[in-house]
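Asker: Got a structure for you, model.txt, holding compact mmCIF, C-alpha atoms.
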```
# COMPACT_ATOMS: atom_id res chain seq x y z
CA MET A 29 47.67 -25.65 18.34
CA PRO A 30 45.02 -26.06 15.63
CA ALA A 31 45.87 -24.64 12.27
CA ALA A 32 44.54 -21.15 11.72
CA GLN A 33 41.23 -21.11 9.92
CA PRO A 34 41.76 -19.98 6.37
CA GLN A 35 40.24 -16.58 5.82
CA THR A 36 37.33 -16.91 3.42
CA ILE A 37 37.30 -14.05 1.01
CA ASN A 38 34.01 -13.64 -0.78
CA SER A 39 34.89 -13.33 -4.42
CA ALA A 40 31.35 -12.49 -5.43
CA PRO A 41 30.33 -9.49 -3.36
CA GLN A 42 26.64 -9.15 -2.79
CA TYR A 43 25.19 -6.09 -4.40
CA THR A 44 22.40 -4.39 -2.58
CA LEU A 45 19.89 -2.09 -4.15
CA TYR A 46 20.99 0.72 -1.87
CA HIS A 47 24.59 1.65 -1.39
CA PRO A 48 25.55 0.45 2.10
CA ARG A 49 27.88 3.36 2.75
CA TRP A 50 25.24 5.98 2.11
CA TYR A 51 23.76 7.57 5.16
CA ARG A 52 20.15 6.48 5.34
CA PRO A 53 18.38 7.55 8.49
CA LYS A 54 15.52 5.32 9.52
CA VAL A 55 12.16 6.93 8.75
CA SER A 56 9.02 5.89 10.55
CA VAL A 57 6.10 4.49 8.54
CA TYR A 58 4.05 7.34 10.01
CA TRP A 59 6.44 10.07 8.83
CA TRP A 60 3.58 11.95 7.15
CA LEU A 61 1.64 12.42 10.40
CA GLY A 62 2.38 15.50 12.46
CA GLU A 63 3.59 17.79 9.68
CA ARG A 64 0.73 19.59 7.93
CA HIS A 65 2.37 19.61 4.50
CA TYR A 66 3.25 15.91 4.60
CA LEU A 67 -0.29 15.05 5.68
CA LYS A 68 -1.67 17.14 2.83
CA PHE A 69 0.63 15.28 0.42
CA ILE A 70 -0.58 11.87 1.59
CA LEU A 71 -4.25 12.94 1.53
CA ARG A 72 -3.73 14.21 -2.02
CA GLU A 73 -2.24 10.87 -3.03
CA LEU A 74 -5.04 8.99 -1.27
CA SER A 75 -7.63 10.93 -3.28
CA SER A 76 -6.73 8.54 -6.10
CA VAL A 77 -8.41 5.71 -4.17
CA PHE A 78 -11.72 7.59 -4.42
CA VAL A 79 -11.09 8.18 -8.12
CA ALA A 80 -10.97 4.38 -8.44
CA VAL A 81 -14.14 4.05 -6.31
CA PHE A 82 -15.91 6.46 -8.67
CA VAL A 83 -14.85 4.43 -11.72
CA ILE A 84 -16.22 1.22 -10.15
CA GLU A 85 -19.54 2.96 -9.41
CA THR A 86 -19.66 4.29 -12.98
CA LEU A 87 -19.01 0.82 -14.39
CA MET A 88 -21.96 -0.41 -12.28
CA LEU A 89 -24.14 2.40 -13.66
CA ILE A 90 -23.15 1.55 -17.25
CA ASN A 91 -23.87 -2.12 -16.58
CA GLY A 92 -27.28 -1.23 -15.12
CA LEU A 93 -28.11 0.91 -18.13
CA ARG A 94 -27.17 -1.79 -20.58
CA ARG A 95 -29.12 -4.54 -18.79
CA GLY A 96 -32.44 -2.71 -18.77
CA PRO A 97 -34.86 -0.53 -16.78
CA VAL A 98 -35.05 -2.93 -13.83
CA ALA A 99 -31.27 -3.08 -13.42
CA TYR A 100 -31.08 0.72 -13.70
CA ALA A 101 -33.75 1.16 -11.01
CA HIS A 102 -31.86 -1.34 -8.88
CA PHE A 103 -28.67 0.70 -9.30
CA LEU A 104 -30.46 3.93 -8.29
CA HIS A 105 -31.94 2.17 -5.27
CA ARG A 106 -28.54 0.89 -4.15
CA THR A 107 -27.02 4.39 -4.28
CA GLN A 108 -29.58 5.43 -1.62
CA ASN A 109 -28.03 3.06 0.91
CA PRO A 110 -26.71 5.25 3.79
CA PHE A 111 -23.28 3.60 3.64
CA VAL A 112 -23.00 4.27 -0.10
CA VAL A 113 -24.08 7.90 0.47
CA LEU A 114 -21.47 8.25 3.23
CA LEU A 115 -18.81 6.76 0.93
CA ASN A 116 -19.80 9.22 -1.78
CA VAL A 117 -19.72 12.20 0.63
CA ILE A 118 -16.14 11.25 1.56
CA ALA A 119 -15.30 10.65 -2.12
CA MET A 120 -16.75 14.06 -3.03
CA PHE A 121 -14.48 15.74 -0.46
CA PHE A 122 -11.41 13.95 -1.81
CA LEU A 123 -12.27 14.64 -5.45
CA VAL A 124 -12.77 18.38 -4.92
CA PHE A 125 -9.48 18.30 -2.98
CA HIS A 126 -7.87 16.57 -5.97
CA THR A 127 -9.27 19.14 -8.43
CA VAL A 128 -8.13 22.14 -6.38
CA THR A 129 -4.64 20.77 -5.67
CA TRP A 130 -4.30 19.66 -9.31
CA PHE A 131 -5.21 23.08 -10.71
CA ASN A 132 -3.02 24.89 -8.21
CA LEU A 133 -0.07 22.66 -9.11
CA ALA A 134 -0.51 23.20 -12.85
CA PRO A 135 1.48 26.50 -12.98
CA SER A 136 4.48 24.78 -11.32
CA ALA A 137 4.23 21.71 -13.56
CA THR A 138 3.84 23.66 -16.80
CA PRO A 139 5.18 27.20 -16.45
CA VAL A 140 3.87 29.31 -19.34
CA ARG A 141 6.18 31.96 -20.77
CA LEU A 142 4.96 34.89 -22.78
CA GLY A 143 7.40 37.43 -24.21
CA GLY A 144 10.26 36.04 -22.15
CA LYS A 145 8.37 36.50 -18.90
CA ARG A 146 6.71 33.82 -16.87
CA LEU A 147 2.98 34.27 -16.54
CA PRO A 148 1.77 34.71 -12.97
CA ASP A 149 0.43 31.48 -11.45
CA PHE A 150 -3.20 32.52 -11.37
CA MET A 151 -3.13 33.17 -15.14
CA VAL A 152 -2.44 29.45 -15.61
CA SER A 153 -4.74 28.00 -12.96
CA ALA A 154 -7.69 30.38 -13.44
CA PRO A 155 -8.56 29.05 -16.95
CA ALA A 156 -8.59 25.54 -15.48
CA TYR A 157 -11.23 26.62 -12.94
CA VAL A 158 -13.26 28.25 -15.72
CA ALA A 159 -13.02 25.04 -17.79
CA TRP A 160 -14.13 23.04 -14.71
CA ILE A 161 -17.27 25.17 -14.33
CA VAL A 162 -18.10 25.10 -18.06
CA ILE A 163 -17.60 21.31 -18.34
CA SER A 164 -19.67 20.69 -15.19
CA ALA A 165 -22.49 22.85 -16.58
CA ILE A 166 -22.45 20.98 -19.92
CA ILE A 167 -22.58 17.56 -18.20
CA CYS A 168 -25.42 18.77 -15.95
CA TRP A 169 -27.33 19.97 -18.99
CA ALA A 170 -26.75 16.74 -20.92
CA VAL A 171 -27.84 14.50 -18.04
CA LEU A 172 -30.79 16.59 -16.80
CA GLN A 173 -32.36 17.74 -20.07
CA MET B 43 25.42 9.52 -25.72
CA HIS B 44 24.10 7.75 -22.68
CA LYS B 45 20.56 6.57 -23.21
CA ILE B 46 18.46 5.72 -20.21
CA GLU B 47 15.82 3.09 -20.89
CA SER B 48 12.75 3.79 -18.85
CA ASN B 49 9.00 3.40 -19.19
CA GLU B 50 8.47 6.15 -16.65
CA PRO B 51 7.58 8.94 -19.17
CA PHE B 52 4.82 6.75 -20.66
CA PHE B 53 3.26 6.08 -17.26
CA TRP B 54 3.73 9.72 -16.33
CA ILE B 55 1.70 10.87 -19.35
CA LEU B 56 -1.09 8.43 -18.44
CA PHE B 57 -0.93 9.73 -14.86
CA SER B 58 -1.22 13.39 -15.78
CA ALA B 59 -3.87 12.84 -18.47
CA GLY B 60 -5.90 10.81 -15.97
CA GLY B 61 -5.38 13.45 -13.28
CA MET B 62 -6.67 16.18 -15.59
CA MET B 63 -9.64 14.03 -16.61
CA ALA B 64 -10.45 13.28 -12.96
CA ALA B 65 -10.10 16.94 -11.94
CA LEU B 66 -12.33 18.34 -14.68
CA PHE B 67 -14.99 15.65 -15.16
CA ILE B 68 -15.42 13.44 -12.08
CA PRO B 69 -16.71 15.90 -9.42
CA ILE B 70 -19.91 16.76 -11.33
CA HIS B 71 -20.60 13.09 -12.17
CA LEU B 72 -20.09 12.14 -8.54
CA PHE B 73 -22.24 15.03 -7.34
CA LEU B 74 -25.14 14.05 -9.61
CA PHE B 75 -25.13 10.26 -9.28
CA GLY B 76 -23.59 9.96 -5.81
CA LEU B 77 -25.37 12.77 -3.94
CA ALA B 78 -28.00 14.79 -5.83
CA PHE B 79 -30.05 11.85 -7.17
CA PRO B 80 -29.80 9.50 -4.14
CA LEU B 81 -30.66 12.30 -1.69
CA GLY B 82 -33.53 13.59 -3.85
CA TRP B 83 -32.07 17.05 -4.48
CA LEU B 84 -32.63 16.49 -8.20
CA HIS B 85 -34.79 14.04 -10.13
CA ALA B 86 -32.77 11.19 -11.57
CA PRO B 87 -33.16 10.95 -15.36
CA SER B 88 -35.44 8.17 -16.59
CA TYR B 89 -34.02 4.98 -17.99
CA GLU B 90 -35.09 5.85 -21.57
CA GLN B 91 -33.48 9.28 -21.31
CA LEU B 92 -30.13 8.07 -19.99
CA ASN B 93 -30.10 5.00 -22.20
CA SER B 94 -30.59 7.02 -25.39
CA LEU B 95 -27.78 9.32 -24.22
CA ALA B 96 -25.43 6.39 -23.62
CA ARG B 97 -26.30 4.91 -27.02
CA MET B 98 -24.58 7.80 -28.76
CA PRO B 99 -21.13 6.61 -29.93
CA LEU B 100 -19.40 9.82 -28.80
CA VAL B 101 -20.87 9.49 -25.29
CA ARG B 102 -19.63 5.91 -25.11
CA ILE B 103 -16.12 6.94 -26.16
CA TYR B 104 -16.29 9.68 -23.52
CA LEU B 105 -17.41 7.18 -20.86
CA PHE B 106 -14.55 4.86 -21.78
CA VAL B 107 -11.98 7.65 -21.41
CA LEU B 108 -13.69 8.77 -18.17
CA CYS B 109 -13.16 5.28 -16.72
CA SER B 110 -9.82 4.32 -18.22
CA LEU B 111 -7.52 7.34 -17.84
CA PRO B 112 -8.41 8.08 -14.18
CA LEU B 113 -7.67 4.41 -13.37
CA PHE B 114 -4.10 4.87 -14.64
CA HIS B 115 -3.92 8.04 -12.58
CA TRP B 116 -4.95 5.96 -9.56
CA ALA B 117 -2.37 3.27 -10.43
CA HIS B 118 0.49 5.77 -10.42
CA ARG B 119 -0.52 7.57 -7.23
CA PHE B 120 -1.51 4.49 -5.28
CA ARG B 121 1.75 2.77 -6.22
CA TYR B 122 3.81 5.63 -4.85
CA THR B 123 1.59 6.03 -1.79
CA LEU B 124 2.40 2.45 -0.83
CA TYR B 125 6.05 2.92 -1.82
CA ASP B 126 6.79 6.26 -0.13
CA GLY B 127 3.90 6.64 2.28
CA LEU B 128 3.73 3.22 3.82
CA LYS B 129 7.29 2.32 2.77
CA VAL B 130 6.31 -1.07 1.35
CA LYS B 131 9.45 -1.24 -0.79
CA HIS B 132 10.07 -4.96 -0.73
CA LEU B 133 6.81 -5.66 -2.60
CA ASN B 134 7.59 -3.19 -5.37
CA GLU B 135 6.99 -5.57 -8.30
CA LEU B 136 3.81 -7.00 -6.80
CA ILE B 137 2.42 -3.50 -6.19
CA PHE B 138 3.24 -2.51 -9.77
CA VAL B 139 1.37 -5.54 -11.14
CA PHE B 140 -1.58 -4.91 -8.80
CA CYS B 141 -1.90 -1.22 -9.71
CA TYR B 142 -1.35 -1.29 -13.46
CA GLY B 143 -2.98 -4.71 -13.79
CA GLY B 144 -6.04 -3.34 -12.00
CA ALA B 145 -6.15 -0.26 -14.23
CA THR B 146 -5.83 -2.43 -17.35
CA LEU B 147 -8.53 -4.83 -16.14
CA GLY B 148 -10.86 -1.90 -15.34
CA SER B 149 -10.27 -0.42 -18.80
CA ILE B 150 -11.00 -3.76 -20.48
CA THR B 151 -14.20 -4.10 -18.42
CA ALA B 152 -15.27 -0.58 -19.44
CA ALA B 153 -14.51 -1.31 -23.11
CA TYR B 154 -16.45 -4.59 -22.94
CA LEU B 155 -19.52 -3.06 -21.23
CA LEU B 156 -19.62 -0.12 -23.62
CA TRP B 157 -19.00 -2.29 -26.70
CA LYS B 158 -21.79 -4.70 -25.75
CA PHE B 159 -24.11 -1.88 -24.82
```
Translate this structure into structure tokens?
Answerer:
Amino acid sequence: MPAAQPQTINSAPQYTLYHPRWYRPKVSVYWWLGERHYLKFILRELSSVFVAVFVIETLMLINGLRRGPVAYAHFLHRTQNPFVVLLNVIAMFFLVFHTVTWFNLAPSATPVRLGGKRLPDFMVSAPAYVAWIVISAIICWAVLQ
Amino acid sequence: MHKIESNEPFFWILFSAGGMMAALFIPIHLFLFGLAFPLGWLHAPSYEQLNSLARMPLVRIYLFVLCSLPLFHWAHRFRYTLYDGLKVKHLNELIFVFCYGGATLGSITAAYLLWKF
């Protein structure tokens, strides 16, 4: 009879980031499809990609402006490309979606109390919409004058 | 007292400031330069007009903030979209470097372009 194998006891237990005894059900990568609220959440998060696209386009505009009239005309010409227009239509949808969801979330993120009572949600988000309109009008005026 | 060391509040402030900036200022910029001018709904301003506007120091500071803060907003959201949405948890550090590195690089580019205007 061979001698019994000595039991190896691991003196340095391996620590995992997640506690192994916790119950962690497997969640599909596509968990956000199917449920309207989850899809809305992911679309809201994805709006940030179009924020980044806008910044890149703005950097190109600034670069065109600083390099001279020819570069500026070239920039304007490139924005007429149907693919760029399509990208900007999609970006516009996502950015308005971002603005609306952002303003509607504001009352939950920063509840305003007046005289011990919480202000109704629309009293917090309505000024944001007013500010949006005023700021947009000022930028329009500055660019188009 | 138990003190928790975390950079999260700092990134959170950048995220919410950038989100506010993006919500209030980006749609009209995108509408004008992305749709109204290319599709001919409105006449694009001439080079001289827009150049003299962008030469004003306040406008350049505004343009820097318009580019920089929303990029940090993107960094935060995109990071958590990959983390929670697509469940790419094993690349956490790499995603962090990509997102915040990208936002920093974009901000430096904006600062450089506007400084050398």
Asker: Got a sec to pull out which chain A residues are within 6 Å of chain B, counting all atoms listed in the file, and send them as a PyMOL selection string?
Answerer: chain A and resi 57+73+76+80+83+94+97+107-108+116+127+160+164
Asker: Distance atom CA of Ala156 of chain A-atom CA of Val171 of chain A, one decimal place?
Answerer: 22.3 Å
Asker: Kindly give the distance, in Å, that separates atom CA of Ser75 of chain A and atom CA of Ile161 of chain A, rounded to a single decimal.
Answerer: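 Interatomic distance here is 20.4 Å.
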Asker: Select, from B:Leu56, B:His132, B:Val101, B:Trp83, the residue with the minimum atom-to-atom distance to Thr146 of chain B, counting only C-alpha atoms.
Answerer: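 Looking only at the distances to Thr146 of chain B, the closest residue turns out to be B:Leu56.
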Asker: Give me, please, the distance in Å between atom CA of Ile118 of chain A and atom CA of Phe78 of chain A, quoted to one decimal.
Answerer: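 Atom CA of Phe78 of chain A lies 8.3 Å from atom CA of Ile118 of chain A.
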Asker: Kindly compute an axis-aligned box around the listed atoms of segment 110-119 of chain B, allowing 6 Å on each side, and express its centre and edge lengths in Å to one decimal as lines of an AutoDock Vina configuration file.
Answerer:
```
center_x = -4.7
center_y = 5.7
center_z = -12.7
size_x = 22.3
size_y = 16.8
size_z = 23.0
```
Asker: Quick one: of A:Phe150, A:Tyr100, A:Trp60, A:Phe82, who's nearest to Val117 of chain A, counting only C-alpha atoms?
Answerer: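 The answer is A:Phe82, which sits nearest to Val117 of chain A.
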Asker: Taking only C-alpha atoms into account, which of A:Phe131, A:Leu123, A:Trp59, A:Val162 comes nearest Asp149 of chain A?
Answerer: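 Result for the nearest residue to Asp149 of chain A: A:Phe131.
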